Each structure stands twice: as C-alpha cells, then as structure tokens.
$ cat structure.pdb   # PDB, C-alpha atoms, pLDDT in the B column
ATOM      1  CA  GLY A   1      30.190   7.387  -3.163  1.00 41.00           C
ATOM      2  CA  ASN A   2      28.180   5.291  -5.538  1.00 39.00           C
ATOM      3  CA  LEU A   3      30.560   4.717  -8.458  1.00 42.00           C
ATOM      4  CA  GLN A   4      29.709   2.786 -11.611  1.00 44.00           C
ATOM      5  CA  GLY A   5      26.007   2.618 -10.709  1.00 42.00           C
ATOM      6  CA  ARG A   6      26.548   0.019  -7.998  1.00 39.00           C
ATOM      7  CA  PRO A   7      24.244   0.077  -4.995  1.00 40.00           C
ATOM      8  CA  SER A   8      25.920   1.279  -1.807  1.00 40.00           C
ATOM      9  CA  GLU A   9      24.033  -1.340   0.230  1.00 38.00           C
ATOM     10  CA  PRO A  10      22.645  -4.785  -0.586  1.00 41.00           C
ATOM     11  CA  GLU A  11      19.448  -4.582  -2.595  1.00 39.00           C
ATOM     12  CA  ALA A  12      17.830  -6.720   0.108  1.00 36.00           C
ATOM     13  CA  LEU A  13      17.939  -3.782   2.493  1.00 39.00           C
ATOM     14  CA  ARG A  14      16.033  -1.461   0.190  1.00 43.00           C
ATOM     15  CA  PRO A  15      12.425  -1.046   1.301  1.00 47.00           C
ATOM     16  CA  LEU A  16      10.537  -1.987  -1.859  1.00 46.00           C
ATOM     17  CA  CYS A  17      12.944  -3.892  -4.036  1.00 48.00           C
ATOM     18  CA  PRO A  18      11.702  -6.758  -6.227  1.00 50.00           C
ATOM     19  CA  ALA A  19      11.648 -10.205  -4.666  1.00 51.00           C
ATOM     20  CA  HIS A  20      13.973 -11.716  -7.277  1.00 49.00           C
ATOM     21  CA  ARG A  21      16.743  -9.396  -6.093  1.00 56.00           C
ATOM     22  CA  MET A  22      16.114 -10.343  -2.470  1.00 57.00           C
ATOM     23  CA  ASP A  23      17.003 -13.935  -3.344  1.00 56.00           C
ATOM     24  CA  SER A  24      20.561 -12.723  -4.008  1.00 65.00           C
ATOM     25  CA  TYR A  25      20.941 -11.748  -0.354  1.00 77.00           C
ATOM     26  CA  PRO A  26      18.915 -14.344   1.562  1.00 83.00           C
ATOM     27  CA  GLN A  27      20.454 -13.823   5.016  1.00 84.00           C
ATOM     28  CA  GLN A  28      20.138 -10.031   4.933  1.00 86.00           C
ATOM     29  CA  THR A  29      16.622 -10.353   3.552  1.00 84.00           C
ATOM     30  CA  VAL A  30      15.492 -12.738   6.294  1.00 86.00           C
ATOM     31  CA  SER A  31      17.035 -10.493   8.948  1.00 84.00           C
ATOM     32  CA  MET A  32      15.340  -7.360   7.551  1.00 82.00           C
ATOM     33  CA  LEU A  33      11.957  -9.057   7.171  1.00 81.00           C
ATOM     34  CA  ASP A  34      12.211 -10.475  10.697  1.00 79.00           C
ATOM     35  CA  ARG A  35      12.638  -6.950  12.096  1.00 75.00           C
ATOM     36  CA  ARG A  36       9.702  -5.650  10.051  1.00 73.00           C
ATOM     37  CA  LEU A  37       7.300  -8.517  10.653  1.00 74.00           C
ATOM     38  CA  ARG A  38       8.058  -9.601  14.204  1.00 64.00           C
ATOM     39  CA  PRO A  39       4.976  -9.239  16.355  1.00 57.00           C
ATOM     40  CA  ALA A  40       5.888  -7.757  19.724  1.00 52.00           C
ATOM     41  CA  SER A  41       2.935  -9.530  21.282  1.00 62.00           C
ATOM     42  CA  GLU A  42      -0.774  -9.958  20.720  1.00 67.00           C
ATOM     43  CA  PRO A  43      -2.238  -6.493  21.374  1.00 78.00           C
ATOM     44  CA  SER A  44      -4.965  -6.336  23.982  1.00 85.00           C
ATOM     45  CA  PRO A  45      -8.248  -4.606  23.117  1.00 86.00           C
ATOM     46  CA  GLU A  46      -7.472  -2.157  25.933  1.00 92.00           C
ATOM     47  CA  SER A  47      -4.104  -1.179  24.446  1.00 93.00           C
ATOM     48  CA  ILE A  48      -5.679  -0.727  20.999  1.00 92.00           C
ATOM     49  CA  ASN A  49      -8.477   1.416  22.466  1.00 94.00           C
ATOM     50  CA  ARG A  50      -5.887   3.508  24.345  1.00 96.00           C
ATOM     51  CA  LEU A  51      -3.986   4.100  21.087  1.00 96.00           C
ATOM     52  CA  VAL A  52      -7.219   5.046  19.309  1.00 96.00           C
ATOM     53  CA  ALA A  53      -8.018   7.503  22.122  1.00 95.00           C
ATOM     54  CA  ASP A  54      -4.485   8.944  21.810  1.00 96.00           C
ATOM     55  CA  LEU A  55      -5.303   9.958  18.227  1.00 95.00           C
ATOM     56  CA  ASP A  56      -7.335  12.775  19.814  1.00 93.00           C
ATOM     57  CA  SER A  57      -4.596  13.896  22.207  1.00 94.00           C
ATOM     58  CA  ASP A  58      -3.717  17.588  22.512  1.00 94.00           C
ATOM     59  CA  LEU A  59      -0.056  16.613  22.108  1.00 96.00           C
ATOM     60  CA  PHE A  60       1.176  16.151  18.547  1.00 95.00           C
ATOM     61  CA  LEU A  61       3.826  13.591  19.540  1.00 97.00           C
ATOM     62  CA  THR A  62       1.228  11.470  21.336  1.00 96.00           C
ATOM     63  CA  ARG A  63      -1.026  11.521  18.252  1.00 95.00           C
ATOM     64  CA  GLN A  64       1.908  10.713  15.966  1.00 95.00           C
ATOM     65  CA  LYS A  65       3.093   7.799  18.134  1.00 95.00           C
ATOM     66  CA  ALA A  66      -0.455   6.391  18.316  1.00 95.00           C
ATOM     67  CA  ARG A  67      -0.814   6.662  14.528  1.00 94.00           C
ATOM     68  CA  GLU A  68       2.483   4.817  13.982  1.00 90.00           C
ATOM     69  CA  GLU A  69       1.598   2.069  16.465  1.00 90.00           C
ATOM     70  CA  LEU A  70      -1.875   1.572  14.992  1.00 90.00           C
ATOM     71  CA  GLU A  71      -0.404   1.356  11.493  1.00 86.00           C
ATOM     72  CA  LYS A  72       1.997  -1.352  12.708  1.00 81.00           C
ATOM     73  CA  LEU A  73      -0.911  -3.274  14.245  1.00 83.00           C
ATOM     74  CA  GLY A  74      -2.716  -3.167  10.910  1.00 79.00           C
ATOM     75  CA  GLU A  75      -5.564  -5.637  10.725  1.00 77.00           C
ATOM     76  CA  ALA A  76      -5.552  -6.083  14.518  1.00 80.00           C
ATOM     77  CA  ALA A  77      -6.536  -2.410  14.956  1.00 87.00           C
ATOM     78  CA  GLU A  78      -8.922  -2.111  12.004  1.00 86.00           C
ATOM     79  CA  VAL A  79     -12.139  -3.035  13.847  1.00 83.00           C
ATOM     80  CA  ALA A  80     -11.486  -0.575  16.686  1.00 90.00           C
ATOM     81  CA  LEU A  81     -10.673   2.200  14.219  1.00 93.00           C
ATOM     82  CA  LYS A  82     -13.833   1.620  12.177  1.00 91.00           C
ATOM     83  CA  LYS A  83     -15.929   1.472  15.367  1.00 91.00           C
ATOM     84  CA  LYS A  84     -14.484   4.820  16.490  1.00 94.00           C
ATOM     85  CA  LEU A  85     -15.362   6.376  13.115  1.00 92.00           C
ATOM     86  CA  GLY A  86     -18.984   5.392  13.784  1.00 91.00           C
ATOM     87  CA  ASP A  87     -18.874   7.277  17.103  1.00 93.00           C
ATOM     88  CA  ARG A  88     -18.535  10.626  15.292  1.00 92.00           C
ATOM     89  CA  PRO A  89     -15.033  11.531  16.545  1.00 94.00           C
ATOM     90  CA  SER A  90     -13.441  14.992  16.406  1.00 92.00           C
ATOM     91  CA  LEU A  91     -12.311  16.204  12.991  1.00 93.00           C
ATOM     92  CA  GLU A  92      -8.615  15.602  13.881  1.00 89.00           C
ATOM     93  CA  MET A  93      -9.305  12.050  15.065  1.00 93.00           C
ATOM     94  CA  LYS A  94     -11.477  11.293  12.033  1.00 95.00           C
ATOM     95  CA  ARG A  95      -8.709  12.490   9.699  1.00 93.00           C
ATOM     96  CA  ASN A  96      -6.096  10.380  11.519  1.00 93.00           C
ATOM     97  CA  ILE A  97      -8.272   7.254  11.447  1.00 95.00           C
ATOM     98  CA  GLU A  98      -9.062   7.675   7.751  1.00 94.00           C
ATOM     99  CA  GLN A  99      -5.341   8.060   6.944  1.00 93.00           C
ATOM    100  CA  ILE A 100      -4.462   4.915   8.908  1.00 93.00           C
ATOM    101  CA  LEU A 101      -7.234   2.892   7.271  1.00 91.00           C
ATOM    102  CA  ALA A 102      -6.228   4.153   3.809  1.00 90.00           C
ATOM    103  CA  ARG A 103      -2.667   2.871   4.330  1.00 86.00           C
ATOM    104  CA  MET A 104      -3.727  -0.567   5.577  1.00 82.00           C
ATOM    105  CA  PRO A 105      -4.209  -2.306   2.198  1.00 75.00           C
ATOM    106  CA  THR A 106      -0.712  -1.232   1.117  1.00 75.00           C
ATOM    107  CA  GLN A 107       0.824  -2.400   4.399  1.00 71.00           C
ATOM    108  CA  SER A 108      -1.074  -5.676   4.153  1.00 74.00           C
ATOM    109  CA  LEU A 109       0.103  -6.248   0.587  1.00 80.00           C
ATOM    110  CA  ARG A 110       3.729  -5.567   1.561  1.00 80.00           C
ATOM    111  CA  THR A 111       3.450  -7.956   4.483  1.00 80.00           C
ATOM    112  CA  LEU A 112       1.965 -10.729   2.353  1.00 84.00           C
ATOM    113  CA  ARG A 113       4.709 -10.176  -0.221  1.00 87.00           C
ATOM    114  CA  ALA A 114       7.280 -10.525   2.571  1.00 87.00           C
ATOM    115  CA  VAL A 115       5.753 -13.906   3.516  1.00 88.00           C
ATOM    116  CA  GLU A 116       6.139 -15.003  -0.129  1.00 90.00           C
ATOM    117  CA  VAL A 117       9.794 -13.962  -0.147  1.00 91.00           C
ATOM    118  CA  LEU A 118      10.471 -15.857   3.096  1.00 90.00           C
ATOM    119  CA  GLU A 119       8.878 -18.953   1.580  1.00 90.00           C
ATOM    120  CA  GLN A 120      11.013 -18.615  -1.555  1.00 91.00           C
ATOM    121  CA  ILE A 121      14.167 -18.379   0.559  1.00 91.00           C
ATOM    122  CA  GLY A 122      13.001 -21.398   2.581  1.00 91.00           C
ATOM    123  CA  SER A 123      15.975 -21.418   4.970  1.00 91.00           C
ATOM    124  CA  PRO A 124      15.639 -22.491   8.618  1.00 91.00           C
ATOM    125  CA  GLU A 125      15.947 -18.790   9.549  1.00 91.00           C
ATOM    126  CA  ALA A 126      13.121 -17.872   7.169  1.00 90.00           C
ATOM    127  CA  LYS A 127      10.956 -20.583   8.758  1.00 90.00           C
ATOM    128  CA  GLN A 128      11.714 -19.127  12.210  1.00 89.00           C
ATOM    129  CA  VAL A 129      10.377 -15.763  11.040  1.00 86.00           C
ATOM    130  CA  LEU A 130       7.216 -17.407   9.648  1.00 86.00           C
ATOM    131  CA  GLU A 131       6.453 -19.455  12.811  1.00 86.00           C
ATOM    132  CA  PRO A 132       5.109 -16.634  15.058  1.00 82.00           C
ATOM    133  CA  LEU A 133       3.183 -15.151  12.129  1.00 79.00           C
ATOM    134  CA  ALA A 134       1.511 -18.522  11.572  1.00 81.00           C
ATOM    135  CA  LYS A 135       0.319 -18.446  15.189  1.00 78.00           C
ATOM    136  CA  GLY A 136      -1.868 -15.457  14.430  1.00 69.00           C
ATOM    137  CA  MET A 137      -0.091 -12.672  16.223  1.00 58.00           C
ATOM    138  CA  CYS A 138      -0.492 -10.113  13.418  1.00 61.00           C
ATOM    139  CA  GLY A 139      -3.946 -10.624  11.984  1.00 65.00           C
ATOM    140  CA  LEU A 140      -5.989 -13.379  10.403  1.00 65.00           C
ATOM    141  CA  ARG A 141      -4.982 -12.952   6.750  1.00 72.00           C
ATOM    142  CA  LEU A 142      -1.276 -12.908   7.574  1.00 74.00           C
ATOM    143  CA  MET A 143      -1.698 -15.935   9.846  1.00 76.00           C
ATOM    144  CA  VAL A 144      -3.405 -17.920   7.068  1.00 80.00           C
ATOM    145  CA  GLU A 145      -0.702 -16.997   4.520  1.00 82.00           C
ATOM    146  CA  ALA A 146       2.168 -17.775   6.912  1.00 83.00           C
ATOM    147  CA  ARG A 147       0.637 -21.163   7.806  1.00 85.00           C
ATOM    148  CA  ALA A 148       0.179 -22.005   4.131  1.00 86.00           C
ATOM    149  CA  SER A 149       3.801 -21.048   3.425  1.00 88.00           C
ATOM    150  CA  LEU A 150       5.056 -23.248   6.255  1.00 88.00           C
ATOM    151  CA  GLU A 151       2.941 -26.180   5.042  1.00 90.00           C
ATOM    152  CA  ARG A 152       4.333 -25.838   1.512  1.00 91.00           C
ATOM    153  CA  LEU A 153       7.889 -25.650   2.879  1.00 90.00           C
ATOM    154  CA  LYS A 154       7.317 -28.781   5.010  1.00 88.00           C
ATOM    155  CA  ALA A 155       5.881 -30.650   2.021  1.00 89.00           C
ATOM    156  CA  GLN A 156       8.798 -29.547  -0.150  1.00 87.00           C
ATOM    157  CA  SER A 157      11.288 -30.592   2.543  1.00 85.00           C
ATOM    158  CA  ALA A 158       9.600 -34.016   2.873  1.00 86.00           C
ATOM    159  CA  ALA A 159       9.621 -34.452  -0.913  1.00 87.00           C
ATOM    160  CA  ASP A 160      13.323 -33.533  -1.064  1.00 86.00           C
ATOM    161  CA  LYS A 161      14.145 -36.310   1.414  1.00 81.00           C
ATOM    162  CA  HIS A 162      12.579 -38.985  -0.821  1.00 76.00           C
TER     163      HIS A 162
END

$ encode --input "structure.pdb" --output "structure tokens"
Amino acid sequence: GNLQGRPSEPEALRPLCPAHRMDSYPQQTVSMLDRRLRPASEPSPESINRLVADLDSDLFLTRQKAREELEKLGEAAEVALKKKLGDRPSLEMKRNIEQILARMPTQSLRTLRAVEVLEQIGSPEAKQVLEPLAKGMCGLRLMVEARASLERLKAQSAADKH
C-alpha cells in the first residue's frame, strides 16, 4: 500500500511529473526518457505512407496500431498526414488523422521538456540519450533543441575544467 502519502514508485517514473522532482532520481529519469525518446530509425516515406493508408483499414487493430505508430513519429509524419487530409479521405480516416494531428503539439511539448530535463541532469548517460536526437532522427525541432542542449553541456563541461 501507499502509507503516509509516500509515492509507491520514484517520482521520476510518473508520466508528467515536474522536472524539479526528476532531478531527485537522475538515473531512473534518464532511463525512462531514453525509452520514450529513442528513435528506432529514420522512418522512410514509404513506411509513413503505409501507416497512413492503414488508418483506413477494415480492421480496428490495424487502424489502432497505425495511429499509435504515427503519433510516435510525430513531426516526421505530419506532412504525410496533412497531405492525405487534402486528398478527401474517408470519414474514418479523416477523423483518425485529425486526432493524431491534434495530439502532436502536446507530444512535441513533452518531448522538448524531456530534452530540457536531460540537459539539466547533464550526466554522460543523459548525453548519450541526446546524441541520436541531435542527429535528426525524430524531427527538425527536436533535433535543433537536442543539438543546442549538447552544445550548452559541452560549453559547461569546458568551463568546469578551467
């Protein structure tokens, strides 16, 4: 049970906890953010188009899986989704696309916040999580923020040595 109001798990593992609490559990935080942010690989336009097409599948599970994958891709899938909306898709597909696009700003904000937290932690492990993001595998905005974080960490590290 949860006696005396204590959390039953580290605050760092809670999905939307404030960043200042995450600093209390840096290793768990880095590990959790690594799992959430790690790009599997750069998605090909063909794979994105296939997922967009799957939004119109007759099978619910296929549509659901496509929706989840496209949400994970975020910015990388946005152009294809908006293009498909312009092609006058079925009502079901249109609804799915609009839901995915509506969630994107929130996902993007969470991701950018995660980059900030990794920078604040500044450990070698946190830098390892930022490296692939800085190479642009999850969208332009995230790439720019991750690169900027790494540059600030390098400058801080150089300043600490002097």

$ closest_residue --input "structure.pdb" --among "A:Glu46, A:Glu68, A:Glu92, A:Glu151" --to "A:Leu130" --atoms "all atoms listed in the file"
A:Glu151

$ closest_residue --input "structure.pdb" --among "A:Pro132, A:Gly74, A:Gly86, A:Gly122" --to "A:Pro105" --atoms "only C-alpha atoms"
A:Gly74

$ atom_distance --input "structure.pdb" --atom1 "atom CA of A:Ala126" --atom2 "atom CA of A:Ala76"
23.3 Å

$ closest_residue --input "structure.pdb" --among "A:Leu61, A:Val117, A:Leu109, A:Ile48" --to "A:Lys84" --atoms "only C-alpha atoms"
A:Ile48

$ residues_near_point --input "structure.pdb" --point "(-3.6, 7.7, 14.9)" --cutoff "10 Å" --atoms "only C-alpha atoms" --output "tab-separated table (two decimals) with C-alpha atoms, keeping the file's coordinate frame"
chain	number	residue	atom	x	y	z
A	51	LEU	CA	-3.99	4.10	21.09
A	52	VAL	CA	-7.22	5.05	19.31
A	53	ALA	CA	-8.02	7.50	22.12
A	54	ASP	CA	-4.49	8.94	21.81
A	55	LEU	CA	-5.30	9.96	18.23
A	56	ASP	CA	-7.34	12.78	19.81
A	57	SER	CA	-4.60	13.90	22.21
A	62	THR	CA	1.23	11.47	21.34
A	63	ARG	CA	-1.03	11.52	18.25
A	64	GLN	CA	1.91	10.71	15.97
A	65	LYS	CA	3.09	7.80	18.13
A	66	ALA	CA	-0.46	6.39	18.32
A	67	ARG	CA	-0.81	6.66	14.53
A	68	GLU	CA	2.48	4.82	13.98
A	69	GLU	CA	1.60	2.07	16.46
A	70	LEU	CA	-1.88	1.57	14.99
A	71	GLU	CA	-0.40	1.36	11.49
A	81	LEU	CA	-10.67	2.20	14.22
A	92	GLU	CA	-8.62	15.60	13.88
A	93	MET	CA	-9.30	12.05	15.06
A	94	LYS	CA	-11.48	11.29	12.03
A	95	ARG	CA	-8.71	12.49	9.70
A	96	ASN	CA	-6.10	10.38	11.52
A	97	ILE	CA	-8.27	7.25	11.45
A	98	GLU	CA	-9.06	7.68	7.75
A	99	GLN	CA	-5.34	8.06	6.94
A	100	ILE	CA	-4.46	4.92	8.91
A	101	LEU	CA	-7.23	2.89	7.27

$ closest_residue --input "structure.pdb" --among "A:Ser149, A:Leu118, A:Ala134, A:Ser44" --to "A:Ala80" --atoms "all atoms listed in the file"
A:Ser44

$ atom_distance --input "structure.pdb" --atom1 "atom CA of A:Val129" --atom2 "atom CA of A:Arg152"
15.1 Å

$ build_atoms --input "structure.pdb" --residues "stretch 88-118 of chain A" --atoms "N, CA and C atoms" --output "PDB file, keeping the file's coordinate frame"
ATOM      1  N   ARG A  88     -18.644   9.209  15.642  1.00 92.00           N
ATOM      2  CA  ARG A  88     -18.535  10.626  15.292  1.00 92.00           C
ATOM      3  C   ARG A  88     -17.423  11.328  16.084  1.00 92.00           C
ATOM      4  N   PRO A  89     -16.165  10.934  15.823  1.00 94.00           N
ATOM      5  CA  PRO A  89     -15.033  11.531  16.545  1.00 94.00           C
ATOM      6  C   PRO A  89     -14.756  12.966  16.095  1.00 94.00           C
ATOM      7  N   SER A  90     -13.851  13.637  16.789  1.00 92.00           N
ATOM      8  CA  SER A  90     -13.441  14.992  16.406  1.00 92.00           C
ATOM      9  C   SER A  90     -12.877  14.957  14.982  1.00 92.00           C
ATOM     10  N   LEU A  91     -12.810  16.104  14.361  1.00 93.00           N
ATOM     11  CA  LEU A  91     -12.311  16.204  12.991  1.00 93.00           C
ATOM     12  C   LEU A  91     -10.871  15.689  12.892  1.00 93.00           C
ATOM     13  N   GLU A  92     -10.021  16.055  13.867  1.00 89.00           N
ATOM     14  CA  GLU A  92      -8.615  15.602  13.881  1.00 89.00           C
ATOM     15  C   GLU A  92      -8.539  14.083  13.980  1.00 89.00           C
ATOM     16  N   MET A  93      -9.325  13.499  14.883  1.00 93.00           N
ATOM     17  CA  MET A  93      -9.305  12.050  15.065  1.00 93.00           C
ATOM     18  C   MET A  93      -9.831  11.352  13.814  1.00 93.00           C
ATOM     19  N   LYS A  94     -10.898  11.884  13.247  1.00 95.00           N
ATOM     20  CA  LYS A  94     -11.477  11.293  12.033  1.00 95.00           C
ATOM     21  C   LYS A  94     -10.444  11.277  10.908  1.00 95.00           C
ATOM     22  N   ARG A  95      -9.729  12.383  10.742  1.00 93.00           N
ATOM     23  CA  ARG A  95      -8.709  12.490   9.699  1.00 93.00           C
ATOM     24  C   ARG A  95      -7.591  11.462   9.933  1.00 93.00           C
ATOM     25  N   ASN A  96      -7.146  11.348  11.183  1.00 93.00           N
ATOM     26  CA  ASN A  96      -6.096  10.380  11.519  1.00 93.00           C
ATOM     27  C   ASN A  96      -6.543   8.948  11.234  1.00 93.00           C
ATOM     28  N   ILE A  97      -7.751   8.613  11.651  1.00 95.00           N
ATOM     29  CA  ILE A  97      -8.272   7.254  11.447  1.00 95.00           C
ATOM     30  C   ILE A  97      -8.384   6.944   9.955  1.00 95.00           C
ATOM     31  N   GLU A  98      -8.914   7.899   9.189  1.00 94.00           N
ATOM     32  CA  GLU A  98      -9.062   7.675   7.751  1.00 94.00           C
ATOM     33  C   GLU A  98      -7.707   7.480   7.070  1.00 94.00           C
ATOM     34  N   GLN A  99      -6.677   8.221   7.512  1.00 93.00           N
ATOM     35  CA  GLN A  99      -5.341   8.060   6.944  1.00 93.00           C
ATOM     36  C   GLN A  99      -4.782   6.673   7.266  1.00 93.00           C
ATOM     37  N   ILE A 100      -4.962   6.236   8.500  1.00 93.00           N
ATOM     38  CA  ILE A 100      -4.462   4.915   8.908  1.00 93.00           C
ATOM     39  C   ILE A 100      -5.157   3.821   8.099  1.00 93.00           C
ATOM     40  N   LEU A 101      -6.477   3.909   8.007  1.00 91.00           N
ATOM     41  CA  LEU A 101      -7.234   2.892   7.271  1.00 91.00           C
ATOM     42  C   LEU A 101      -6.875   2.888   5.782  1.00 91.00           C
ATOM     43  N   ALA A 102      -6.591   4.065   5.227  1.00 90.00           N
ATOM     44  CA  ALA A 102      -6.228   4.153   3.809  1.00 90.00           C
ATOM     45  C   ALA A 102      -4.890   3.467   3.535  1.00 90.00           C
ATOM     46  N   ARG A 103      -3.985   3.487   4.510  1.00 86.00           N
ATOM     47  CA  ARG A 103      -2.667   2.871   4.330  1.00 86.00           C
ATOM     48  C   ARG A 103      -2.690   1.362   4.553  1.00 86.00           C
ATOM     49  N   MET A 104      -3.710   0.854   5.211  1.00 82.00           N
ATOM     50  CA  MET A 104      -3.727  -0.567   5.577  1.00 82.00           C
ATOM     51  C   MET A 104      -3.622  -1.536   4.404  1.00 82.00           C
ATOM     52  N   PRO A 105      -4.348  -1.339   3.302  1.00 75.00           N
ATOM     53  CA  PRO A 105      -4.209  -2.306   2.198  1.00 75.00           C
ATOM     54  C   PRO A 105      -2.776  -2.390   1.669  1.00 75.00           C
ATOM     55  N   THR A 106      -2.089  -1.246   1.592  1.00 75.00           N
ATOM     56  CA  THR A 106      -0.712  -1.232   1.117  1.00 75.00           C
ATOM     57  C   THR A 106       0.185  -1.980   2.084  1.00 75.00           C
ATOM     58  N   GLN A 107       0.032  -1.709   3.385  1.00 71.00           N
ATOM     59  CA  GLN A 107       0.824  -2.400   4.399  1.00 71.00           C
ATOM     60  C   GLN A 107       0.564  -3.898   4.325  1.00 71.00           C
ATOM     61  N   SER A 108      -0.700  -4.272   4.197  1.00 74.00           N
ATOM     62  CA  SER A 108      -1.074  -5.676   4.153  1.00 74.00           C
ATOM     63  C   SER A 108      -0.444  -6.358   2.941  1.00 74.00           C
ATOM     64  N   LEU A 109      -0.471  -5.695   1.807  1.00 80.00           N
ATOM     65  CA  LEU A 109       0.103  -6.248   0.587  1.00 80.00           C
ATOM     66  C   LEU A 109       1.614  -6.441   0.741  1.00 80.00           C
ATOM     67  N   ARG A 110       2.288  -5.453   1.328  1.00 80.00           N
ATOM     68  CA  ARG A 110       3.729  -5.567   1.561  1.00 80.00           C
ATOM     69  C   ARG A 110       4.037  -6.736   2.482  1.00 80.00           C
ATOM     70  N   THR A 111       3.229  -6.887   3.517  1.00 80.00           N
ATOM     71  CA  THR A 111       3.450  -7.956   4.483  1.00 80.00           C
ATOM     72  C   THR A 111       3.261  -9.316   3.826  1.00 80.00           C
ATOM     73  N   LEU A 112       2.208  -9.463   3.041  1.00 84.00           N
ATOM     74  CA  LEU A 112       1.965 -10.729   2.353  1.00 84.00           C
ATOM     75  C   LEU A 112       3.078 -11.033   1.351  1.00 84.00           C
ATOM     76  N   ARG A 113       3.589 -10.001   0.706  1.00 87.00           N
ATOM     77  CA  ARG A 113       4.709 -10.176  -0.221  1.00 87.00           C
ATOM     78  C   ARG A 113       5.947 -10.653   0.543  1.00 87.00           C
ATOM     79  N   ALA A 114       6.143 -10.118   1.740  1.00 87.00           N
ATOM     80  CA  ALA A 114       7.280 -10.525   2.571  1.00 87.00           C
ATOM     81  C   ALA A 114       7.180 -12.011   2.934  1.00 87.00           C
ATOM     82  N   VAL A 115       5.955 -12.484   3.215  1.00 88.00           N
ATOM     83  CA  VAL A 115       5.753 -13.906   3.516  1.00 88.00           C
ATOM     84  C   VAL A 115       6.147 -14.744   2.292  1.00 88.00           C
ATOM     85  N   GLU A 116       5.767 -14.291   1.104  1.00 90.00           N
ATOM     86  CA  GLU A 116       6.139 -15.003  -0.129  1.00 90.00           C
ATOM     87  C   GLU A 116       7.651 -15.096  -0.280  1.00 90.00           C
ATOM     88  N   VAL A 117       8.337 -13.992  -0.015  1.00 91.00           N
ATOM     89  CA  VAL A 117       9.794 -13.962  -0.147  1.00 91.00           C
ATOM     90  C   VAL A 117      10.427 -14.931   0.856  1.00 91.00           C
ATOM     91  N   LEU A 118       9.937 -14.935   2.090  1.00 90.00           N
ATOM     92  CA  LEU A 118      10.471 -15.857   3.096  1.00 90.00           C
ATOM     93  C   LEU A 118      10.279 -17.306   2.653  1.00 90.00           C
TER      94      LEU A 118
END
